[in-house]
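Undergrad: Take this structure first; my questions come after.
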Amino acid sequence: MIDTKGLFIVLEGPDGSGKSTMANKIGEYYKLKGKEIEFTREPGGTNISEKIRELILDNNNVEMDYRTEALLYAAARAQLVSQKIIPWLENGKVVISERFVYSSLVYQGLGRGLNIEDIKKINDFAICNIVPDLVLLFDIDPEKALNRKLRFNNGDRLENENISFHRRVYDGYKQIANYYPEIKIINAERSIEELFEEIKNIINSIN
Ligand code: TMP
């Protein structure tokens with residue numbers, strides 16, 4: 001684990017669980033405290049990673065092998081970590097990322113049924129051992145969350161997977177939370193205000 005001055009906060013959870021809204025609110029909160037903030041999302045966040053994102057999420061790429069998919073997520077992540085996240089943290093910034101390696105463990109490892117240990121190995125290689133200071137896991141029924149999201153668009157290649165895929169992902173998140181002490185589960189089936197109050201308490205307890 002590299003020693004950095006910054007703070008790395010990750011938001012994880014089912015598609016449509018409200019991560020983007022809360023990422024912005026957390027950013028505003030730290031800005032008021034005088035911190036420099038950087039936002040990012042996965043897959044994406046650099047020119048190369050955004051190109052990989054298009055490839056992965058394109059609904060036309062029906063023939064994509066699950067291993068190819070897993071390696072592409074890891075490749076996009078490697079670029080983001082080396083080009084952006086590590087330099088930001090070394091410069092003392094607060095980095096807020098929607099999704100990180102935990103998404104690959106549950107979407108590819110459990111949703112796709114690939115071996116979770118293999119997914120962990122390729123991602124250990126990709127991320128140079130960085131560990132977030134905090135991972136907020138948004139706990140919301142996956143069907144409810146997905147319906148909320150699909151009201152506004154037709155969905156990408158992953159969102160359009162069947163509900164049993166999304167349930168495996170949801171159950172997977174609950175399972176991996178037992179193994180990663182940085183993960184804090186939060187009940188996301190509440191008002192934005194209630195949710196943010198809890199998040200504020202958690203982030204104040206880590207710094
Ligand atoms: P987003 O809609 O949250 O930006 O994420 C795009 C989709 O990619 C979403 O359905 C979750 C999925 N995903 C994975 O399957 N594995 C990963 O490692 C990441 C980061 C996202």
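Identifiers for the structure tokens are assigned positionally: chains receive A, B, ... in sequence, residues are indexed from 1 per chain, and ligands are indexed from 1 in the order shown.
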If you count only C-alpha atoms, which residues fall within 12 Å of Tyr29 in chain A, apart from same-chain ones fewer than 5 positions away, as a list in words?
TA: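 Here the qualifying residues turn out to be Met22, Ala23, Asn24, Gly34, Lys35, Glu36, Ile37, Val94, Ile96, Phe196, Glu197, Ile199, Lys200, Asn201, Ile203 and Asn204 of chain A.
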Undergrad: Residues at most 10 Å from range 42-57 of chain A, counting only C-alpha atoms, excluding those fewer than 3 positions away in the same chain, as a ChimeraX atom specification?
TA: /A:39,60-62,64,68-70,72-81,83-85,97-101,103,155-160
Undergrad: Take the residues just selected and output them with C-alpha atoms as a short mmCIF file (atom, residue, chain, number, x, y, z; two decimals), in the first residue's frame.
TA:
```
data_model
loop_
_atom_site.label_atom_id
_atom_site.label_comp_id
_atom_site.auth_asym_id
_atom_site.auth_seq_id
_atom_site.Cartn_x
_atom_site.Cartn_y
_atom_site.Cartn_z
CA PHE A 39 -14.45 13.22 -8.88
CA ASN A 60 -24.05 -4.15 -29.86
CA ASN A 61 -21.12 -6.04 -28.32
CA VAL A 62 -23.22 -9.14 -27.63
CA MET A 64 -18.03 -10.13 -25.71
CA THR A 68 -12.59 -10.08 -22.04
CA GLU A 69 -15.11 -7.95 -20.15
CA ALA A 70 -13.31 -8.53 -16.82
CA LEU A 72 -11.27 -4.52 -19.97
CA TYR A 73 -12.66 -3.27 -16.65
CA ALA A 74 -9.29 -4.00 -15.04
CA ALA A 75 -7.44 -2.26 -17.90
CA ALA A 76 -9.61 0.87 -17.62
CA ARG A 77 -8.97 0.83 -13.86
CA ALA A 78 -5.18 0.45 -14.23
CA GLN A 79 -5.06 3.55 -16.43
CA LEU A 80 -7.24 5.58 -14.06
CA VAL A 81 -5.23 4.57 -10.99
CA GLN A 83 -2.75 8.45 -14.48
CA LYS A 84 -5.12 10.13 -12.03
CA ILE A 85 -5.89 8.53 -8.66
CA SER A 97 -14.97 7.64 -7.17
CA GLU A 98 -18.23 6.09 -8.29
CA ARG A 99 -17.25 2.40 -8.29
CA PHE A 100 -13.87 0.71 -7.96
CA VAL A 101 -12.51 -2.84 -7.79
CA SER A 103 -17.72 -3.68 -8.71
CA GLY A 155 -29.90 1.04 -20.32
CA ASP A 156 -26.39 -0.10 -21.29
CA ARG A 157 -25.17 -3.67 -21.91
CA LEU A 158 -24.76 -4.40 -18.18
CA GLU A 159 -27.93 -2.67 -17.02
CA ASN A 160 -29.90 -4.69 -19.57
#
```
Undergrad: Give the strand (DSSP E or B) residues of range 17-159 of chain A, as DSSP finds them on the backbone, and put them as a list in words.
TA: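 Residues meeting the strand (DSSP E or B) criterion: Ile37, Glu38, Phe39, Thr40, Arg41, Val94, Val95, Ile96, Ser97, Glu98, Leu134, Val135, Leu136, Leu137, Phe138 and Asp139 of chain A.
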Undergrad: Using 12 Å as the limit and counting only C-alpha atoms, can you tabulate each residue of range 121-181 of chain A that touches range 187-194 of chain A, with its shortest atom-to-atom distance in Å and the two atoms involved, as a tab-separated table?
TA:
```
residue	atom	partner	partner_atom	distance
A:Leu136	CA	A:Asn187	CA	10.1
A:Leu137	CA	A:Asn187	CA	8.5
A:Phe138	CA	A:Ala188	CA	5.3
A:Asp139	CA	A:Asn187	CA	5.0
A:Ile140	CA	A:Ala188	CA	5.4
A:Asp141	CA	A:Glu189	CA	8.1
A:Pro142	CA	A:Glu189	CA	10.9
A:Lys144	CA	A:Glu189	CA	9.4
A:Ala145	CA	A:Glu189	CA	9.3
```
Undergrad: Extract the full set of helix (DSSP H, G or I) residues from range 108-137 of chain A according to DSSP on the backbone, and format it as an MDAnalysis selection string.
TA: chainID A and resid 108:111 116:127
Undergrad: Hey, which of A:Ile130, A:Leu105, A:Val135, A:Ile163 ends up closest to ligand 1? Count only C-alpha atoms and all ligand atoms.
TA: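 With only C-alpha atoms and all ligand atoms as the atom set, the closest residue is A:Leu105.
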Undergrad: Please identify all polymer residues within 10 Å of Lys120 in chain A, counting only C-alpha atoms, omitting same-chain residues fewer than 4 positions from it, and present them as a PyMOL selection string.
TA: chain A and resi 74+101-102+104-105+109+115-116+124-126
Undergrad: Using all heavy atoms, can you write the selected residues to a file as a PDB file, in the first residue's frame?
TA:
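Full text of selection.pdb as output:
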```
ATOM      1  N   ALA A  74     -10.555  -4.122 -15.776  1.00  0.00           N
ATOM      2  CA  ALA A  74      -9.286  -4.002 -15.036  1.00  0.00           C
ATOM      3  C   ALA A  74      -8.319  -3.069 -15.776  1.00  0.00           C
ATOM      4  O   ALA A  74      -7.596  -2.285 -15.142  1.00  0.00           O
ATOM      5  CB  ALA A  74      -8.668  -5.382 -14.834  1.00  0.00           C
ATOM      6  N   VAL A 101     -12.739  -1.407  -7.589  1.00  0.00           N
ATOM      7  CA  VAL A 101     -12.506  -2.839  -7.794  1.00  0.00           C
ATOM      8  C   VAL A 101     -13.644  -3.735  -7.267  1.00  0.00           C
ATOM      9  O   VAL A 101     -13.910  -4.812  -7.811  1.00  0.00           O
ATOM     10  CB  VAL A 101     -11.147  -3.208  -7.143  1.00  0.00           C
ATOM     11  CG1 VAL A 101     -11.134  -2.928  -5.670  1.00  0.00           C
ATOM     12  CG2 VAL A 101     -10.754  -4.612  -7.426  1.00  0.00           C
ATOM     13  N   TYR A 102     -14.361  -3.250  -6.250  1.00  0.00           N
ATOM     14  CA  TYR A 102     -15.445  -4.048  -5.649  1.00  0.00           C
ATOM     15  C   TYR A 102     -16.526  -4.361  -6.698  1.00  0.00           C
ATOM     16  O   TYR A 102     -17.150  -5.417  -6.652  1.00  0.00           O
ATOM     17  CB  TYR A 102     -16.037  -3.307  -4.436  1.00  0.00           C
ATOM     18  CG  TYR A 102     -14.941  -2.786  -3.546  1.00  0.00           C
ATOM     19  CD1 TYR A 102     -14.413  -1.502  -3.727  1.00  0.00           C
ATOM     20  CD2 TYR A 102     -14.368  -3.605  -2.578  1.00  0.00           C
ATOM     21  CE1 TYR A 102     -13.356  -1.030  -2.958  1.00  0.00           C
ATOM     22  CE2 TYR A 102     -13.303  -3.153  -1.801  1.00  0.00           C
ATOM     23  CZ  TYR A 102     -12.803  -1.859  -2.000  1.00  0.00           C
ATOM     24  OH  TYR A 102     -11.750  -1.418  -1.246  1.00  0.00           O
ATOM     25  N   SER A 104     -16.012  -4.972  -9.850  1.00  0.00           N
ATOM     26  CA  SER A 104     -15.557  -6.122 -10.647  1.00  0.00           C
ATOM     27  C   SER A 104     -15.717  -7.427  -9.871  1.00  0.00           C
ATOM     28  O   SER A 104     -16.086  -8.454 -10.443  1.00  0.00           O
ATOM     29  CB  SER A 104     -14.085  -5.957 -11.042  1.00  0.00           C
ATOM     30  OG  SER A 104     -13.981  -5.083 -12.134  1.00  0.00           O
ATOM     31  N   LEU A 105     -15.431  -7.376  -8.563  1.00  0.00           N
ATOM     32  CA  LEU A 105     -15.570  -8.611  -7.769  1.00  0.00           C
ATOM     33  C   LEU A 105     -17.006  -9.131  -7.848  1.00  0.00           C
ATOM     34  O   LEU A 105     -17.232 -10.334  -8.017  1.00  0.00           O
ATOM     35  CB  LEU A 105     -15.188  -8.359  -6.305  1.00  0.00           C
ATOM     36  CG  LEU A 105     -13.731  -7.970  -6.039  1.00  0.00           C
ATOM     37  CD1 LEU A 105     -13.520  -7.683  -4.555  1.00  0.00           C
ATOM     38  CD2 LEU A 105     -12.764  -9.053  -6.510  1.00  0.00           C
ATOM     39  N   GLY A 109     -17.120 -11.309 -10.973  1.00  0.00           N
ATOM     40  CA  GLY A 109     -16.853 -12.503 -10.168  1.00  0.00           C
ATOM     41  C   GLY A 109     -18.121 -13.281  -9.872  1.00  0.00           C
ATOM     42  O   GLY A 109     -18.175 -14.496 -10.054  1.00  0.00           O
ATOM     43  N   ASN A 115     -14.495 -16.812 -11.489  1.00  0.00           N
ATOM     44  CA  ASN A 115     -13.963 -17.068 -10.151  1.00  0.00           C
ATOM     45  C   ASN A 115     -13.554 -15.743  -9.492  1.00  0.00           C
ATOM     46  O   ASN A 115     -12.734 -14.997 -10.029  1.00  0.00           O
ATOM     47  CB  ASN A 115     -12.759 -18.011 -10.323  1.00  0.00           C
ATOM     48  CG  ASN A 115     -12.139 -18.398  -9.019  1.00  0.00           C
ATOM     49  OD1 ASN A 115     -12.153 -17.631  -8.061  1.00  0.00           O
ATOM     50  ND2 ASN A 115     -11.587 -19.588  -8.973  1.00  0.00           N
ATOM     51  N   ILE A 116     -14.110 -15.468  -8.323  1.00  0.00           N
ATOM     52  CA  ILE A 116     -13.846 -14.172  -7.663  1.00  0.00           C
ATOM     53  C   ILE A 116     -12.360 -14.013  -7.325  1.00  0.00           C
ATOM     54  O   ILE A 116     -11.807 -12.911  -7.387  1.00  0.00           O
ATOM     55  CB  ILE A 116     -14.775 -13.988  -6.433  1.00  0.00           C
ATOM     56  CG1 ILE A 116     -14.773 -12.528  -5.951  1.00  0.00           C
ATOM     57  CG2 ILE A 116     -14.432 -14.929  -5.314  1.00  0.00           C
ATOM     58  CD1 ILE A 116     -15.915 -12.199  -5.003  1.00  0.00           C
ATOM     59  N   ASP A 124      -5.642  -6.857  -8.484  1.00  0.00           N
ATOM     60  CA  ASP A 124      -4.483  -6.526  -7.639  1.00  0.00           C
ATOM     61  C   ASP A 124      -3.352  -6.023  -8.539  1.00  0.00           C
ATOM     62  O   ASP A 124      -2.658  -5.066  -8.213  1.00  0.00           O
ATOM     63  CB  ASP A 124      -4.004  -7.756  -6.851  1.00  0.00           C
ATOM     64  CG  ASP A 124      -4.916  -8.054  -5.664  1.00  0.00           C
ATOM     65  OD1 ASP A 124      -5.752  -7.194  -5.322  1.00  0.00           O
ATOM     66  OD2 ASP A 124      -4.795  -9.156  -5.080  1.00  0.00           O
ATOM     67  N   PHE A 125      -3.192  -6.703  -9.670  1.00  0.00           N
ATOM     68  CA  PHE A 125      -2.161  -6.294 -10.626  1.00  0.00           C
ATOM     69  C   PHE A 125      -2.460  -4.888 -11.166  1.00  0.00           C
ATOM     70  O   PHE A 125      -1.570  -4.056 -11.324  1.00  0.00           O
ATOM     71  CB  PHE A 125      -2.112  -7.321 -11.772  1.00  0.00           C
ATOM     72  CG  PHE A 125      -1.157  -6.981 -12.865  1.00  0.00           C
ATOM     73  CD1 PHE A 125       0.214  -6.952 -12.627  1.00  0.00           C
ATOM     74  CD2 PHE A 125      -1.615  -6.687 -14.147  1.00  0.00           C
ATOM     75  CE1 PHE A 125       1.108  -6.633 -13.654  1.00  0.00           C
ATOM     76  CE2 PHE A 125      -0.730  -6.370 -15.164  1.00  0.00           C
ATOM     77  CZ  PHE A 125       0.632  -6.338 -14.920  1.00  0.00           C
ATOM     78  N   ALA A 126      -3.748  -4.618 -11.403  1.00  0.00           N
ATOM     79  CA  ALA A 126      -4.128  -3.340 -12.035  1.00  0.00           C
ATOM     80  C   ALA A 126      -4.009  -2.143 -11.093  1.00  0.00           C
ATOM     81  O   ALA A 126      -3.725  -1.027 -11.541  1.00  0.00           O
ATOM     82  CB  ALA A 126      -5.566  -3.430 -12.566  1.00  0.00           C
TER      83      ALA A 126
END
```
Undergrad: Please, what distance in Å, to one decimal, runs between CA of Asn129 in chain A and CA of Ile86 in chain A?
TA: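 For CA of Asn129 in chain A relative to CA of Ile86 in chain A, the distance reads 10.7 Å.
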Undergrad: Do you know which residues are at most 10 Å from Lys149 in chain A counting only C-alpha atoms, after dropping those on the same chain fewer than 6 positions away, and could you put them as a count of residues only?
TA: 7
Undergrad: Could you check the closest approach to ligand 1 for each of A:Gly13, A:Gly113, A:Gly172, A:Pro87 and tell me which residue wins, using only C-alpha atoms and all ligand atoms?
TA: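 The answer is A:Gly13, which sits nearest to ligand 1.
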Undergrad: Rank nothing, just name the residue among A:Ile119, A:Val95, A:Ile206, A:Leu110 nearest to Tyr170 in chain A, using only C-alpha atoms.
TA: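 Between A:Ile119, A:Val95, A:Ile206, A:Leu110, the residue approaching Tyr170 in chain A most closely is A:Leu110.
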Undergrad: When you count only C-alpha atoms and all ligand atoms, which of these residues is closest to ligand 1: A:Tyr107, A:Tyr30, A:Tyr66, A:Trp88?
TA: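 Once distances to ligand 1 are computed over only C-alpha atoms and all ligand atoms, the minimum belongs to A:Tyr107.
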Undergrad: Restricting the calculation to only C-alpha atoms: of A:Glu90, A:Lys31, A:Ile183, A:Arg112, which residue gets closest to Asn162 in chain A?
TA: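 Nearest to Asn162 in chain A: A:Arg112.
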Undergrad: I'd like the interatomic distance between CA of Asn123 in chain A and CA of Thr21 in chain A, to a tenth of an Å.
TA: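 One can read the CA of Asn123 in chain A to CA of Thr21 in chain A distance as 27.0 Å.
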Undergrad: Please measure the separation of CA of Leu146 in chain A and CA of Glu198 in chain A, giving the value in Å to one decimal.
TA: 23.0 Å
